[in-house]
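Student: Sharing start.cif here; it has mmCIF, C-alpha atoms and all ligand atoms.
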data_upload
#
loop_
_atom_site.label_atom_id
_atom_site.label_comp_id
_atom_site.auth_asym_id
_atom_site.auth_seq_id
_atom_site.Cartn_x
_atom_site.Cartn_y
_atom_site.Cartn_z
CA MET E 1 6.96 8.78 -66.20
CA ARG E 2 5.19 10.36 -63.22
CA PRO E 3 2.82 7.88 -61.50
CA VAL E 4 -0.61 9.29 -60.71
CA ALA E 5 -3.39 8.38 -58.27
CA ARG E 6 -6.86 8.45 -59.79
CA PRO E 7 -9.63 10.00 -57.71
CA VAL E 8 -13.28 9.00 -58.11
CA CYS E 9 -14.98 10.10 -61.29
CA PRO E 10 -15.79 13.82 -61.11
CA ILE E 11 -18.45 13.76 -63.86
CA PRO E 12 -20.98 10.93 -63.45
CA GLN E 13 -22.65 11.28 -66.85
CA PRO E 14 -20.55 13.11 -69.41
CA ARG E 15 -21.97 13.96 -72.82
CA ASP E 16 -18.83 12.76 -74.56
CA TYR E 17 -15.24 12.05 -73.57
CA HIS E 18 -14.11 15.63 -74.30
CA ALA E 19 -16.12 16.67 -71.26
CA TYR E 20 -13.44 14.97 -69.15
CA LEU E 21 -10.55 17.08 -70.41
CA GLU E 22 -10.81 19.83 -67.81
CA SER E 23 -11.26 17.30 -64.98
CA LEU E 24 -8.19 15.36 -66.11
CA ARG E 25 -6.14 18.56 -66.24
CA LEU E 26 -7.28 19.43 -62.72
CA VAL E 27 -6.69 16.06 -61.09
CA PHE E 28 -3.48 15.04 -62.88
CA GLY E 29 -1.92 18.40 -63.76
CA VAL E 30 -1.33 19.85 -67.22
CA TYR E 31 1.24 17.33 -68.40
CA CYS E 32 1.25 14.45 -70.85
CA SER E 33 0.91 11.24 -68.82
CA TYR E 34 3.72 9.65 -70.83
CA CYS E 35 6.36 12.20 -71.90
CA GLU E 36 5.61 14.70 -69.08
CA ARG E 37 5.48 17.75 -71.36
CA PRO E 38 2.81 20.46 -70.92
CA ASP E 39 2.08 20.33 -74.62
CA LYS E 40 -1.34 20.47 -76.37
CA LEU E 41 -3.05 17.92 -74.16
CA ASP E 42 -6.07 15.90 -75.06
CA VAL E 43 -8.06 13.09 -73.48
CA GLU E 44 -6.13 9.86 -74.01
CA HIS E 45 -7.83 6.46 -73.94
CA VAL E 46 -5.50 3.95 -72.28
CA ILE E 47 -7.30 1.11 -74.05
CA PRO E 48 -8.06 2.72 -77.43
CA LYS E 49 -11.73 3.48 -78.04
CA SER E 50 -11.45 1.84 -81.43
CA ARG E 51 -10.52 -1.42 -79.68
CA GLN E 52 -13.08 -1.20 -76.91
CA PRO E 53 -15.84 1.32 -77.72
CA ALA E 54 -17.55 0.51 -74.40
CA LEU E 55 -14.64 2.18 -72.60
CA GLU E 56 -14.90 5.46 -74.50
CA LEU E 57 -16.59 7.22 -71.56
CA GLU E 58 -15.01 5.13 -68.81
CA TRP E 59 -13.19 7.48 -66.38
CA ASN E 60 -10.75 4.74 -65.35
CA ASN E 61 -9.62 4.41 -68.94
CA LEU E 62 -8.62 8.05 -69.37
CA LEU E 63 -5.33 9.87 -69.00
CA LEU E 64 -3.84 12.96 -70.65
CA GLY E 65 -1.80 12.61 -73.80
CA CYS E 66 0.03 15.03 -76.06
CA ALA E 67 -0.43 14.68 -79.83
CA ARG E 68 3.02 13.16 -80.18
CA CYS E 69 2.49 10.33 -77.68
CA ASN E 70 -1.19 9.73 -78.33
CA ARG E 71 -1.74 10.27 -82.03
CA ASP E 72 1.71 9.89 -83.58
CA PHE E 73 2.82 6.75 -81.76
CA LYS E 74 0.39 5.03 -79.43
CA ARG E 75 -2.63 5.32 -81.74
CA SER E 76 -4.59 2.08 -81.42
CA ASN E 77 -1.61 -0.18 -81.13
CA ASN E 78 -2.44 -1.76 -77.76
CA LEU E 79 -5.36 -4.15 -77.42
CA SER E 80 -5.53 -3.90 -73.65
CA ARG E 81 -3.59 -2.75 -70.58
CA LEU E 82 -1.90 -6.16 -70.30
CA GLY E 83 1.79 -6.35 -71.06
CA TYR E 84 2.50 -2.75 -70.10
CA ILE E 85 2.88 -0.62 -67.00
CA TRP E 86 0.69 2.53 -66.81
CA PRO E 87 1.09 5.76 -64.86
CA ASP E 88 -2.27 5.35 -63.09
CA THR E 89 -1.72 1.75 -61.97
CA HIS E 90 2.04 1.26 -61.50
CA ASP E 91 5.12 2.91 -60.06
CA THR E 92 6.20 4.21 -63.44
CA TYR E 93 8.81 6.56 -61.93
CA HIS E 94 11.06 3.89 -60.41
CA SER E 95 10.61 1.68 -63.48
CA PHE E 96 12.75 4.00 -65.60
CA GLU E 97 16.16 5.56 -65.34
CA TYR E 98 16.55 9.01 -66.90
CA LEU E 99 20.08 9.67 -68.14
CA VAL E 100 21.86 13.02 -68.57
CA ASP E 101 22.27 12.38 -72.31
CA GLY E 102 18.49 12.32 -72.70
CA ARG E 103 18.08 8.56 -72.91
CA VAL E 104 15.53 6.60 -70.87
CA LYS E 105 16.16 3.02 -69.77
CA ALA E 106 13.76 0.48 -68.28
CA VAL E 107 15.14 -0.45 -64.86
CA ILE E 108 16.20 -4.09 -64.43
CA GLY E 109 13.60 -5.82 -62.27
CA PRO E 110 10.22 -7.56 -62.26
CA ALA E 111 8.51 -4.87 -64.41
CA GLN E 112 11.31 -4.41 -66.92
CA VAL E 113 9.55 -6.05 -69.87
CA GLU E 114 6.33 -4.09 -69.29
CA ALA E 115 8.28 -0.85 -68.81
CA LYS E 116 10.09 -1.41 -72.10
CA ALA E 117 6.73 -2.15 -73.75
CA ILE E 118 5.11 1.15 -72.71
CA ALA E 119 8.28 3.04 -73.65
CA ASP E 120 8.14 1.44 -77.10
CA LEU E 121 4.40 2.09 -77.45
CA VAL E 122 4.74 5.86 -77.03
CA LYS E 123 8.33 5.98 -78.34
CA LEU E 124 9.59 7.45 -75.07
CA GLU E 125 13.13 6.55 -76.06
CA ASP E 126 13.79 8.49 -79.28
CA SER E 127 17.48 9.18 -78.77
CA LYS E 128 18.82 7.44 -81.88
CA HIS E 129 17.72 10.37 -84.01
CA GLN E 130 18.09 12.95 -81.23
CA SER E 131 14.43 13.62 -81.57
CA VAL E 132 12.14 15.90 -79.61
CA LEU E 133 12.06 14.07 -76.26
CA ASN E 134 15.77 13.32 -76.19
CA LEU E 135 16.61 16.97 -76.83
CA GLY E 136 13.95 18.13 -74.38
CA ARG E 137 15.22 15.86 -71.61
CA ARG E 138 18.84 16.89 -72.19
CA ASN E 139 17.81 20.51 -71.98
CA ALA E 140 15.77 19.82 -68.83
CA PHE E 141 18.83 18.13 -67.26
CA LYS E 142 20.95 21.21 -67.99
CA ILE E 143 18.40 23.58 -66.45
CA ALA E 144 17.79 21.26 -63.48
CA GLN E 145 21.51 20.87 -62.77
CA TYR E 146 22.03 24.62 -62.97
CA MET E 147 19.09 25.15 -60.60
CA LEU E 148 20.47 22.49 -58.23
CA GLN E 149 23.76 24.38 -57.99
CA SER E 150 21.94 27.68 -57.50
CA TYR E 151 19.68 26.11 -54.89
CA ARG E 152 22.60 24.64 -52.97
CA ASN E 153 24.61 27.84 -52.91
CA GLY E 154 21.58 29.88 -51.88
CA HIS E 155 21.05 31.77 -55.14
CA ALA E 156 17.75 30.06 -55.94
CA SER E 157 14.83 29.46 -53.60
CA LEU E 158 12.49 26.48 -53.65
CA ASP E 159 9.93 28.66 -55.44
CA ASN E 160 12.52 29.60 -58.09
CA VAL E 161 13.15 25.90 -58.70
CA MET E 162 9.44 25.09 -58.90
CA VAL E 163 8.86 27.80 -61.49
CA GLN E 164 11.39 26.13 -63.80
CA VAL E 165 9.93 22.67 -63.16
CA GLN E 166 6.63 23.72 -64.71
CA GLN E 167 8.30 23.47 -68.14
CA GLY E 168 7.90 19.72 -67.87
CA TYR E 169 10.04 16.56 -67.67
CA TRP E 170 9.14 15.90 -64.04
CA SER E 171 11.23 12.69 -63.88
CA VAL E 172 14.36 14.58 -64.90
CA TRP E 173 13.83 17.00 -62.00
CA MET E 174 13.19 14.12 -59.59
CA THR E 175 16.42 12.50 -60.77
CA VAL E 176 18.54 15.65 -60.40
CA PHE E 177 17.07 16.74 -57.05
CA VAL E 178 17.01 13.28 -55.44
CA GLY E 179 19.37 14.46 -52.66
CA GLU E 180 17.22 17.49 -51.76
CA PRO E 181 14.22 16.32 -49.67
CA ALA E 182 12.49 19.73 -49.66
CA VAL E 183 12.43 19.82 -53.48
CA VAL E 184 11.35 16.19 -53.77
CA ALA E 185 8.52 16.95 -51.32
CA ALA E 186 7.47 19.89 -53.51
CA LEU E 187 7.63 17.75 -56.66
CA ILE E 188 5.01 15.40 -55.21
CA ASP E 189 3.01 18.24 -53.62
CA PRO E 190 -0.43 18.62 -55.29
CA GLN E 191 0.07 22.38 -55.25
CA TYR E 192 2.65 21.93 -58.00
CA PHE E 193 1.89 18.50 -59.46
CA PRO E 194 -1.67 17.39 -58.75
CA GLY E 195 -2.43 13.70 -58.55
CA THR E 196 1.07 12.29 -58.12
CA ALA E 197 0.86 8.81 -56.55
CA VAL E 198 2.72 9.72 -53.35
CA GLN E 199 2.72 6.19 -51.97
CA TYR E 200 5.74 5.36 -54.14
CA PHE E 201 7.91 8.10 -52.62
ZN ZN E 301 3.52 13.10 -74.61
#
For the file at hand, write its structure as structure tokens.
Tutor:
Amino acid sequence: MRPVARPVCPIPQPRDYHAYLESLRLVFGVYCSYCERPDKLDVEHVIPKSRQPALELEWNNLLLGCARCNRDFKRSNNLSRLGYIWPDTHDTYHSFEYLVDGRVKAVIGPAQVEAKAIADLVKLEDSKHQSVLNLGRRNAFKIAQYMLQSYRNGHASLDNVMVQVQQGYWSVWMTVFVGEPAVVAALIDPQYFPGTAVQYF
């Protein structure tokens, strides 16, 4: 789960929360804040607007969510931010381990319980039924590992790698390319992934 750094609010007085969609896409990149897929994104209220209507237009309460993470699973199931880690306030990358078989595990440590809670909330770990994210991550691992080999033997350039990365699953690419500083630097470069919280890397 790519951590992001939130800039100041770009629209002081929006008409409604949909007005923020384009700004969110610009500052955070066109990826779901939870599953990291570039898939039918909408404005996602971290604290659901049904729980706290006063936060409906609050910039600091908004991320990007795909329909799967936002509508199918998260819905209005959290009362507040407490008890979870969030991509705009925590180091959500180092809180999870992404495995080649598509599974995601909360890393053992001080934030383990909260990491597990956010993973459960958006059903990040759907491997039991080999569902969409598990299959997507496994596929991303295969492509990333192939690109790593090609990159190391000189058959793929950094740009070639970054073209493939745009398909999503940023954390999988970070995991596979961890030993390649130039690619890691590109993965946190705003040119490719706007808004990544670089202080964690
Ligand atoms: Zn998603």
Student: Given a cut-off of 12 Å, what residues near ligand ZN 301 (chain E) show up using only C-alpha atoms and all ligand atoms, put as a PyMOL selection string?
Tutor: chain E and resi 1-2+30-44+63-74+119+121-125+132-133+136+168-169
Student: For Tyr84 of chain E, which residue among E:Ala111, E:Leu148, E:Leu24, E:Val104 is the nearest when counting all atoms listed in the file?
Tutor: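 Of the candidates, the smallest distance to Tyr84 of chain E is held by E:Ala111.
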Student: Would you give me, as JSON lines, each residue of segment 82-135 of chain E having an atom within 12 Å of an atom of segment 5-16 of chain E, along with its shortest atom pair and that distance in Å to one decimal, using all atoms listed in the file and sorting by chain and residue number?
Tutor:
{"residue": "E:Trp86", "atom": "CA", "partner": "E:Ala5", "partner_atom": "CA", "distance": 11.1}
{"residue": "E:Pro87", "atom": "CA", "partner": "E:Ala5", "partner_atom": "CA", "distance": 8.4}
{"residue": "E:Asp88", "atom": "CA", "partner": "E:Ala5", "partner_atom": "CA", "distance": 5.8}
{"residue": "E:Thr89", "atom": "CA", "partner": "E:Ala5", "partner_atom": "CA", "distance": 7.8}
{"residue": "E:His90", "atom": "CA", "partner": "E:Ala5", "partner_atom": "CA", "distance": 9.5}
{"residue": "E:Asp91", "atom": "CA", "partner": "E:Ala5", "partner_atom": "CA", "distance": 10.3}
{"residue": "E:Thr92", "atom": "CA", "partner": "E:Ala5", "partner_atom": "CA", "distance": 11.7}
Student: Choose the residue, out of E:Phe201, E:Tyr146, E:Phe193, E:Phe96, that has the smallest atom-to-atom separation from Ile108 of chain E; count only C-alpha atoms.
Tutor: E:Phe96
Student: Any idea what's packed within 12 Å of Pro48 of chain E, counting all atoms listed in the file, ignoring anything in its chain fewer than 2 positions away? Could you give it as a short mmCIF file (atom, residue, chain, number, x, y, z; two decimals) with C-alpha atoms, in the frame of the given file?
Tutor:
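Okay, out_6.cif is ready:
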data_model
loop_
_atom_site.label_atom_id
_atom_site.label_comp_id
_atom_site.auth_asym_id
_atom_site.auth_seq_id
_atom_site.Cartn_x
_atom_site.Cartn_y
_atom_site.Cartn_z
CA VAL E 43 -8.06 13.09 -73.48
CA GLU E 44 -6.13 9.86 -74.01
CA HIS E 45 -7.83 6.46 -73.94
CA VAL E 46 -5.50 3.95 -72.28
CA SER E 50 -11.45 1.84 -81.43
CA ARG E 51 -10.52 -1.42 -79.68
CA GLN E 52 -13.08 -1.20 -76.91
CA PRO E 53 -15.84 1.32 -77.72
CA ALA E 54 -17.55 0.51 -74.40
CA LEU E 55 -14.64 2.18 -72.60
CA GLU E 56 -14.90 5.46 -74.50
CA LEU E 57 -16.59 7.22 -71.56
CA GLU E 58 -15.01 5.13 -68.81
CA ASN E 61 -9.62 4.41 -68.94
CA LEU E 62 -8.62 8.05 -69.37
CA LEU E 63 -5.33 9.87 -69.00
CA ASN E 70 -1.19 9.73 -78.33
CA ARG E 71 -1.74 10.27 -82.03
CA LYS E 74 0.39 5.03 -79.43
CA ARG E 75 -2.63 5.32 -81.74
CA SER E 76 -4.59 2.08 -81.42
CA ASN E 77 -1.61 -0.18 -81.13
CA ASN E 78 -2.44 -1.76 -77.76
CA LEU E 79 -5.36 -4.15 -77.42
CA SER E 80 -5.53 -3.90 -73.65
CA ARG E 81 -3.59 -2.75 -70.58
#
Student: Quote the spacing between atom CA of Arg138 of chain E and atom CA of Leu158 of chain E in Å to one decimal place.
Tutor: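 That distance, rounded to one decimal, is 21.8 Å.
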Student: Could you tell me how far atom CA of Leu187 of chain E lies from atom CA of Ser171 of chain E, in Å and to one decimal?
Tutor: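 These two atoms are separated by 9.5 Å.
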Student: By how many Å are atom CA of Val163 of chain E and atom CA of Ala140 of chain E apart?
Tutor: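 Computed distance, atom CA of Val163 of chain E to atom CA of Ala140 of chain E, equals 12.9 Å.
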Student: Return the single residue from E:Tyr20, E:Val172, E:Gly102, E:Ile143 that is closest to Ser131 of chain E, with distances computed using all atoms listed in the file.
Tutor: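 That would be E:Gly102, the residue with the smallest distance to Ser131 of chain E.
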Student: Which residue is closest to Tyr200 of chain E? Choose from E:His94, E:Asn160, E:Gly83, E:Gly179 and count only C-alpha atoms.
Tutor: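 Among E:His94, E:Asn160, E:Gly83, E:Gly179, it is E:His94 that comes nearest to Tyr200 of chain E.
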Student: Quick one: residues within 6 Å of Val27 of chain E, all atoms listed in the file counted, chain neighbours fewer than 2 positions away excluded, as a short mmCIF file (atom, residue, chain, number, x, y, z; two decimals) with C-alpha atoms, keeping the file's coordinate frame?
Tutor:
data_model
loop_
_atom_site.label_atom_id
_atom_site.label_comp_id
_atom_site.auth_asym_id
_atom_site.auth_seq_id
_atom_site.Cartn_x
_atom_site.Cartn_y
_atom_site.Cartn_z
CA LEU E 24 -8.19 15.36 -66.11
CA ARG E 25 -6.14 18.56 -66.24
CA GLY E 29 -1.92 18.40 -63.76
CA PRO E 194 -1.67 17.39 -58.75
CA GLY E 195 -2.43 13.70 -58.55
#
Student: If we count only C-alpha atoms, what is near Gln112 of chain E at a cut-off of 10 Å, once residues fewer than 3 positions away on the same chain are taken out, given as a ChimeraX atom specification?
Tutor: /E:84-85,95-96,105-109,115-117
Student: Between E:Phe141, E:Phe177, E:Tyr93, E:Tyr17, which residue has the minimum interatomic distance to Lys49 of chain E, considering only C-alpha atoms?
Tutor: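 Closest residue, counting only C-alpha atoms: E:Tyr17.
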